[in-house]
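Undergrad: Have a look at this one before I ask anything.
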Amino acid sequence: MMDSAPAESRRGGNVEDVYPPPPFGDELRPVLAKINEMIPPELDLERMIQGRTAPRPPSAAAGRLADGSLEREDYEAPGLESGPAVALSVFRRAGRLAGGSAIYFIHGGGMVSGDRSSIDVVLPLIDQLDAVVVSVEYRLAPEHPDPAPLDDCYAGLVWTAAHADEVGFDPSQLVLAGMSAGGGLAAGTALLARDRGGPGLAAQVLMCPMLDDRDQTVSSRQMTGIGVWDSNSNLTGWTALLGDRRGTESVSAYAAPARATDLSGLPPAYIDCGSAEVFRDEAVNYASAIWAAGGVADLHVWAGGFHGFEMFAPDASLSAAARHARGQFLRRTLGLPNT
């Protein structure tokens with residue numbers, strides 16, 4: 001029997017007339033239902049800003065800081081040009097020796113919320129790789145629109161690379177990573193590092209990255225009213241960052257890396273997302289553009305995953321698989337033995 005859906009929809013080329021979204025995974029569906037009881041997926045700007053000070057459940061990182069198995073040091077990096085100083089926090093395993101790899105991490109939060117203490121998604125890499133994590137406190141939109149957040153992320157990266165001895169890592173094993181909005185900022189920071197001649201990066205890790213302000217993919221329209229971060233929330237976050245420029249030709253590829261026309265010369269990329277989230281198609285397209293430019297990208301689309309599933313459902317088998325795949329990619333890329 002012939003499928004009655006429009007050909008454009010079957011090809012994923014018509015964003016006005018698309019299929020319903022893929023189903024959520026069986027393990028993840030009840031978790032998502034509980035999340036949606038507390039946090040509606042359609043977040044307006046006021047709610048996003050309120051989320052900055054809303055109570056949060058205890059984090060795994062906070063628990064390890066409390067029991068002494070994790071250590072934290074705070075630093076301050078000079079801002080770019082006339083920009084303010086940038087706060088950084090360094091997290092390492094207690095008793096860790098100098099050397100090895102560093103994960104320069106950019107937190108998520110839709111460009112509007114979040115802070116540098118939110119490192120749970122990269123906390124496993126501290127154990128898997130014996131890595132040090134350097135987390136950056138970038139300025140948030142809408143009070144600080146583009147390019148302020150990206151400037152802070154790049155300034156922190158420059159400082160981190162220049163202070164490898166002080167932080168305690170091998171400068172040839174510096175990895176840039178980010179989740180959600182932080183994934184988009186990480187991709188933009190990698191482009192800046194390439195175009196400004198450094199710092200050198202061993203890899204970039206883009207977790208469910210927020211890359212495209214134009215709202216033109218199928219997945220950007222499929223996820224309306226469901227899935228933690230829906231289409232309307234996405235437009236709200238981008239508008240907070242870009243204002244009236246969102247969706248116009250006045251947006252740079254550093255702010256919205258999906259707009260980049262040349263992805264050559266970038267470090268090897270690990271890119272992942274869920275099949276049932278807004279950012280699916282832009283993540284896939286970004287990996288494809290890296291391959292088209294002759295680069296290296298390891299792409300994982302986790303079937304049934306909603307946005308940030310790994311953070312909200314850390315015990316799910318899909319989350320365990322995502323953590324393992326990410327760690328194995330970094331082991332291969334950094335030349336470390338597989339486990």
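All residue names refer to the structure tokens as shown: chains lettered A, B, ... in order, residues numbered from 1 in each chain, ligands numbered from 1 in order.
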Just the residues within 10 Å of A:Arg214, please, counting only C-alpha atoms, with nothing from its chain fewer than 4 positions along; format it as a list in words.
TA: Ser220, Leu235, Trp238, Arg246, Gly247, Thr248, Glu249, Val251, Ala256, Ala258 and Arg259 of chain A
Undergrad: How close does each residue of stretch 234-274 of chain A get to stretch 113-118 of chain A, giving the shortest atom pair and distance in Å to one decimal for every residue with an atom at most 12 Å away, counting only C-alpha atoms, sorted by chain and residue number, as CSV?
TA:
```
residue,atom,partner,partner_atom,distance
A:Gly237,CA,A:Ser113,CA,9.7
A:Ala240,CA,A:Ser113,CA,11.0
A:Leu241,CA,A:Ser113,CA,11.6
```
Undergrad: Skipping near chain neighbours, those fewer than 5 positions away, what residues fall within 7 Å of stretch 265-277 of chain A using only C-alpha atoms, listed as a PyMOL selection string?
TA: chain A and resi 21-24+194+201-208+219+223+227+283+295-307
Undergrad: Please produce, as a tab-separated table, a per-residue contact table for stretch 184-238 of chain A versus stretch 36-50 of chain A (criterion: any atom at most 7 Å away, only C-alpha atoms considered), showing the nearest atom pair and its distance in Å to one decimal, sorted by chain then residue number.
TA:
```
residue	atom	partner	partner_atom	distance
A:Gly225	CA	A:Pro41	CA	5.7
A:Ile226	CA	A:Pro41	CA	5.7
A:Gly227	CA	A:Pro41	CA	6.3
A:Val228	CA	A:Pro41	CA	4.6
A:Trp229	CA	A:Pro41	CA	5.3
A:Asp230	CA	A:Pro41	CA	5.6
A:Asn232	CA	A:Glu42	CA	6.0
A:Ser233	CA	A:Leu43	CA	5.1
A:Thr236	CA	A:Leu45	CA	6.3
```
Undergrad: Got a sec: who's within 9 Å of A:Tyr286, counting only C-alpha atoms, leaving out chain neighbours fewer than 4 positions off, as a ChimeraX atom specification?
TA: /A:211,257-258,263,271,281-282,290-291
Undergrad: I'd like to know which of A:Ala313, A:Met210, A:Ala292, A:Ala155 is closest to A:Leu192, using only C-alpha atoms.
TA: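 Of all the options, A:Ala155 lies closest to A:Leu192.
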Undergrad: Pick from A:Gln173, A:Ser69, A:Ser252, A:Thr261: nearest to A:Ile103, with only C-alpha atoms counted?
TA: A:Gln173
Undergrad: Quick check for you: according to DSSP on this backbone, which residues of stretch 29-268 of chain A are classed as strand (DSSP E)? Reply as a ChimeraX atom specification.
TA: /A:70-77,86-93,102-106,132-137,174-179,203-207
Undergrad: Using backbone DSSP assignments, extract all alpha helix (DSSP H) residues from stretch 25-113 of chain A; output them as a PyMOL selection string.
TA: chain A and resi 29-38+45-50+60-67
Undergrad: Looking at A:Val132, A:Leu88, A:Ala33, A:Ala322, which one is nearest to A:Glu71, with distances taken over only C-alpha atoms?
TA: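 The answer is A:Val132, which sits nearest to A:Glu71.
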Undergrad: If you count only C-alpha atoms, which residues fall within 8 Å of A:Ala255, apart from same-chain ones fewer than 4 positions away, as a list in words?
TA: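 Within the cut-off, the hits are Asp146, Pro147, Leu150, Gly184, Leu185, Gly188 and Val251 of chain A.
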Undergrad: For the selection just defined, write its residues with C-alpha atoms to a file, as a short mmCIF file (atom, residue, chain, number, x, y, z; two decimals), in the first residue's frame.
TA:
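File written: out-v3.cif
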```cif
data_model
loop_
_atom_site.label_atom_id
_atom_site.label_comp_id
_atom_site.auth_asym_id
_atom_site.auth_seq_id
_atom_site.Cartn_x
_atom_site.Cartn_y
_atom_site.Cartn_z
CA ASP A 146 25.23 37.55 21.21
CA PRO A 147 28.22 37.75 21.06
CA LEU A 150 30.46 33.18 22.93
CA GLY A 184 26.06 25.21 20.16
CA LEU A 185 28.44 27.53 21.97
CA GLY A 188 30.98 28.21 17.72
CA VAL A 251 23.40 36.05 12.21
#
```
Undergrad: Calculate how many Å separate atom CA of A:Met311 from atom CA of A:Asp130, rounding to one decimal.
TA: 20.6 Å
Undergrad: Taking into account only C-alpha atoms, which residue in the set A:Val90, A:Ala85, A:Ala181, A:Val122 is nearest to A:Glu166?
TA: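 Looking only at the distances to A:Glu166, the closest residue turns out to be A:Val90.
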Undergrad: Neighbours of A:Glu81 within 10 Å (only C-alpha atoms; same-chain residues fewer than 2 positions away dropped), as a PDB file with C-alpha atoms, in the first residue's frame?
TA:
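Saved file selection.pdb follows:
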```pdb
ATOM      1  CA  PRO A  78      40.486  37.914  31.431  1.00  0.00           C
ATOM      2  CA  GLY A  79      37.579  38.749  29.160  1.00  0.00           C
ATOM      3  CA  GLY A  83      34.644  42.333  28.275  1.00  0.00           C
ATOM      4  CA  PRO A  84      34.412  41.436  31.962  1.00  0.00           C
ATOM      5  CA  ASP A 151      33.107  35.762  23.834  1.00  0.00           C
ATOM      6  CA  ALA A 155      38.100  33.751  26.554  1.00  0.00           C
TER       7      ALA A 155
END
```
Undergrad: Any idea what's packed within 8 Å of A:Asp120, counting only C-alpha atoms, ignoring anything in its chain fewer than 4 positions away? Could you give it as an mmCIF file with N, CA and C atoms, in the first residue's frame?
TA:
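Saved result, part_34.cif, follows:
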```
data_model
loop_
_atom_site.group_PDB
_atom_site.id
_atom_site.type_symbol
_atom_site.label_atom_id
_atom_site.label_comp_id
_atom_site.auth_asym_id
_atom_site.auth_seq_id
_atom_site.Cartn_x
_atom_site.Cartn_y
_atom_site.Cartn_z
ATOM 1 N N SER A 59 22.800 17.388 42.863
ATOM 2 C CA SER A 59 23.543 16.876 41.713
ATOM 3 C C SER A 59 24.557 15.839 42.151
ATOM 4 N N ALA A 60 24.942 14.991 41.203
ATOM 5 C CA ALA A 60 25.982 13.996 41.492
ATOM 6 C C ALA A 60 27.294 14.675 41.822
ATOM 7 N N ALA A 61 27.597 15.769 41.118
ATOM 8 C CA ALA A 61 28.851 16.489 41.389
ATOM 9 C C ALA A 61 28.853 17.055 42.808
ATOM 10 N N PRO A 124 31.110 11.668 34.393
ATOM 11 C CA PRO A 124 31.684 10.338 34.139
ATOM 12 C C PRO A 124 33.050 10.379 33.471
ATOM 13 N N MET A 311 20.662 13.256 31.149
ATOM 14 C CA MET A 311 20.704 14.008 32.399
ATOM 15 C C MET A 311 19.504 13.679 33.283
#
```
